[in-house]
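Beneath this line is the structure, given in structure tokens, with notes to follow.
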Amino acid sequence: MLLDPSSSEYKRARRHHYKTTKNRDGDTDPDWTPFRAAEKKYKARFPPPDLSGALDLALLDASRHADIEQTGWKGRPDAVRVKEIDLDDARQKPGAAGTRRAFAIVDVPGLVILPAFVSDEAQRDLIRWSLRDHAKYPNETNLDTHYILPHSGLWSTYLSSPEIVVQPRPPSSATPSNSPGPRRLVSNTPASPTTFSLITSTPKPSSVPSAYAQPISTAQLVPRLRWANIGWSYHWGTKQYDFAREVQPVGEPFRRVCLEVVRSIRWQEVFGGAATELLDGWEGTSEWRTWQETYEPDAGIVNFYQIKDSLMGHVDRSEICATSPLVSISLGNAAIFLVGGLTRDVVPIPILLRSGDIVVMSGPACRRAFHGVPRILEGTLPTHLDEGDTVTGGTWTPYARYMRTARVNVNVRQVFPSGFDPRLAQA
């Protein structure tokens with residue numbers, strides 16, 4: 001365990017740290033923005049990052065203490081200013097079975113954390129659905145461009161025949177040659193009703209297969225799964241939605257949780273009162289009043305993180321509706337989530353997210369804020385996801401094995417504002 005100085009993991013990380021930093025002047029670069037400095041801090045393998053500044057709302061729940069103590073990774077429940085808000089949910093009443101709570105982050109209006117909102121059983125169901133039922137045709141994954149994936153899905157094929165070899169797609173004549181220099185970052189124009197026509201007219205060329213992909217077994221390919229599209233197709237080359245492609249229905253398990261979350265939150269407590277002064281310029285300042293009735297998720301992504309993966313700080317600018325709730329479900333190993341402001345010069349807030357926690361990003365200050373996941377915390381899989389066959393009659397073992405080194409994040413949002421008809425806008 002990395003936090004134990006006597007462990008082999010700790011000693012290996014220490015050796016690597018000394019080897020890679022012996023000629024370095026310091027641990028920080030004066031050119032780093034505050035957001036970049038925070039990313040570097042939490043990505044560090046050695047010494048393990050100090051999480052005392054990270055918000056850890058799980059510590060308020062006595063039923064989660066055993067798992068937290070076992071992993072060693074913990075933040076503080078008072079590290080960030082929060083305001084507990086009521087939920088329209090019978091289970092949030094004090095003393096009720098499976099009590100649910102919700103907290104608004106005071107310094108980021110529109111950011112709401114719902115710790116342990118997803119029950120243990122529902123977490124297993126969502127993980128199964130994500131791997132077995134969702135990450136397959138017709139939902140695009142990161143692997144489809146490069147491999148001819150089984151029509152029944154990579155995961156199902158892996159369970160039945162882990163040694164079956166998956167063939168790469170033939171290289172395209174358009175495959176670009178490797179060129180020296182850093183990868184070019186794409187800065188997309190923020191989407192809005194006024195830029196919708198521009199977005200739909202922007203060419204969205206197909207991705208080309210890698211010229212270096214080799215035949216590979218399903219067992220070796222499964223850990224390379226990184227994402228699966230939800231709903232409207234997202235074009236990674238332009239960082240825009242491809243509205244010319246057929247939209248796929250949002251999986252009912254995902255949709256059900258998202259609707260339950262948005263309908264449970266009392267939005268008056270999030271955007272009313274003192275927060276109102278921060279809503280200047282939001283054309284739909286009363287839009288939140290109708291979210292419980294009008295919110296309908298229609299796009300998103302399932303992220304499949306391995307332990308050493310991270311998600312670089314970025315801003316979501318692709319949705320035509322830039323304010324409606326984005327619902328993010330954490331499953332598996334815990335992670336550090338950073339959320340800052342409209343530029344990387346704002347010092348971000350670190351939040352420790354554990355399995356079953358939900359983050360809701362809404363409103364202009366939050367939806368256009370830089371955010372990212374610099375660290376998946378190894379060894380933090382909760383007991384209920386690491387129990388093998390003891391809880392599910394023999395069907396959970398392969399999922400438990402996969403999840404020991406993984407985090408699944410279901411991230412769903414609404415592309416179009418209520419009342420916006422894309423067919424009329426294209427006419």
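By convention here, the chains of the structure tokens are called A, B, ... in the order presented, each chain's residues are numbered starting at 1, and ligands are numbered starting at 1 in the order presented.
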Using only C-alpha atoms, what table do you get, as CSV, when you list each residue of region 59-92 of chain A with an atom no more than 10 Å from region 265-272 of chain A, its nearest pair of atoms, and their distance in Å rounded to one decimal, rows by chain then rising number?
residue,atom,partner,partner_atom,distance
A:Lys83,CA,A:Val270,CA,8.9
A:Glu84,CA,A:Glu269,CA,9.1
A:Ile85,CA,A:Glu269,CA,6.3
A:Asp86,CA,A:Arg266,CA,6.4
A:Leu87,CA,A:Ile265,CA,5.1
A:Asp88,CA,A:Ile265,CA,6.4
A:Asp89,CA,A:Ile265,CA,8.7
Save the residues we just selected, N, CA, C and O atoms, as a JSON list (two decimals), in the first residue's frame?
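Now in again.json:
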[["chain", "number", "residue", "atom", "x", "y", "z"],
["A", 83, "LYS", "N", -22.81, 23.92, 2.18],
["A", 83, "LYS", "CA", -24.12, 24.19, 2.79],
["A", 83, "LYS", "C", -25.00, 22.98, 2.53],
["A", 83, "LYS", "O", -25.24, 22.61, 1.38],
["A", 84, "GLU", "N", -25.45, 22.32, 3.58],
["A", 84, "GLU", "CA", -26.33, 21.17, 3.38],
["A", 84, "GLU", "C", -27.69, 21.65, 2.90],
["A", 84, "GLU", "O", -28.23, 22.64, 3.41],
["A", 85, "ILE", "N", -28.21, 20.98, 1.89],
["A", 85, "ILE", "CA", -29.51, 21.35, 1.33],
["A", 85, "ILE", "C", -30.46, 20.17, 1.45],
["A", 85, "ILE", "O", -30.04, 19.01, 1.52],
["A", 86, "ASP", "N", -31.73, 20.46, 1.46],
["A", 86, "ASP", "CA", -32.75, 19.42, 1.57],
["A", 86, "ASP", "C", -32.96, 18.73, 0.23],
["A", 86, "ASP", "O", -32.72, 19.31, -0.84],
["A", 87, "LEU", "N", -33.41, 17.50, 0.32],
["A", 87, "LEU", "CA", -33.77, 16.74, -0.87],
["A", 87, "LEU", "C", -35.24, 16.39, -0.82],
["A", 87, "LEU", "O", -35.80, 16.12, 0.25],
["A", 88, "ASP", "N", -35.88, 16.38, -1.97],
["A", 88, "ASP", "CA", -37.26, 15.91, -2.06],
["A", 88, "ASP", "C", -37.24, 14.40, -2.19],
["A", 88, "ASP", "O", -37.49, 13.82, -3.23],
["A", 89, "ASP", "N", -36.90, 13.76, -1.08],
["A", 89, "ASP", "CA", -36.68, 12.32, -1.08],
["A", 89, "ASP", "C", -36.92, 11.83, 0.34],
["A", 89, "ASP", "O", -36.27, 12.30, 1.27]]
Report task. Pick out the closest residue to Phe416 (chain A) from this set: A:Tyr147, A:Trp73, A:Tyr399, A:Phe196. Count only C-alpha atoms. Result ->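 Answer, going by the shortest atom-to-atom distance: A:Phe196.
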**Report entry** Top pick for closest residue to Ala334 (chain A), considering A:Glu378, A:Asp421, A:Glu163, A:Glu287 and counting only C-alpha atoms
**Finding:** A:Glu378
Query raised in the report: Running DSSP on the backbone, which parts of region 295-362 of chain A land in strand (DSSP E or B), as a ChimeraX atom specification?
Result: /A:299-306,311-314,326-332,335-339,349-353,358-361
Requested in this report: Quick one: everything within 12 Å of Leu326 (chain A), counting only C-alpha atoms, minus sequence neighbours fewer than 2 positions away in the same chain. Send it as a PyMOL selection string.
Outcome: chain A and resi 110-113+255+258-259+261-262+291+295-301+316+319+321-324+328-329+358-364+366-368+410-415
Report task. Write out as a list in words the residues lying within 8 Å of Asp67 (chain A), counting only C-alpha atoms and excluding same-chain residues fewer than 3 positions away. Result ->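 My list of contacting residues is Arg64, Gln70, Thr71, Thr380, Pro382 and Thr383 of chain A.
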Could you write out that same residue set with C-alpha atoms as a compact mmCIF listing (two decimals), in the first residue's frame?
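Below is the file that was written, selection.txt:
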# COMPACT_ATOMS: atom_id res chain seq x y z
CA ARG A 64 -18.46 4.27 5.48
CA GLN A 70 -8.95 0.27 5.59
CA THR A 71 -7.72 2.29 2.60
CA THR A 380 -9.85 2.32 -2.34
CA PRO A 382 -15.10 -0.50 -1.16
CA THR A 383 -15.79 -3.91 0.31
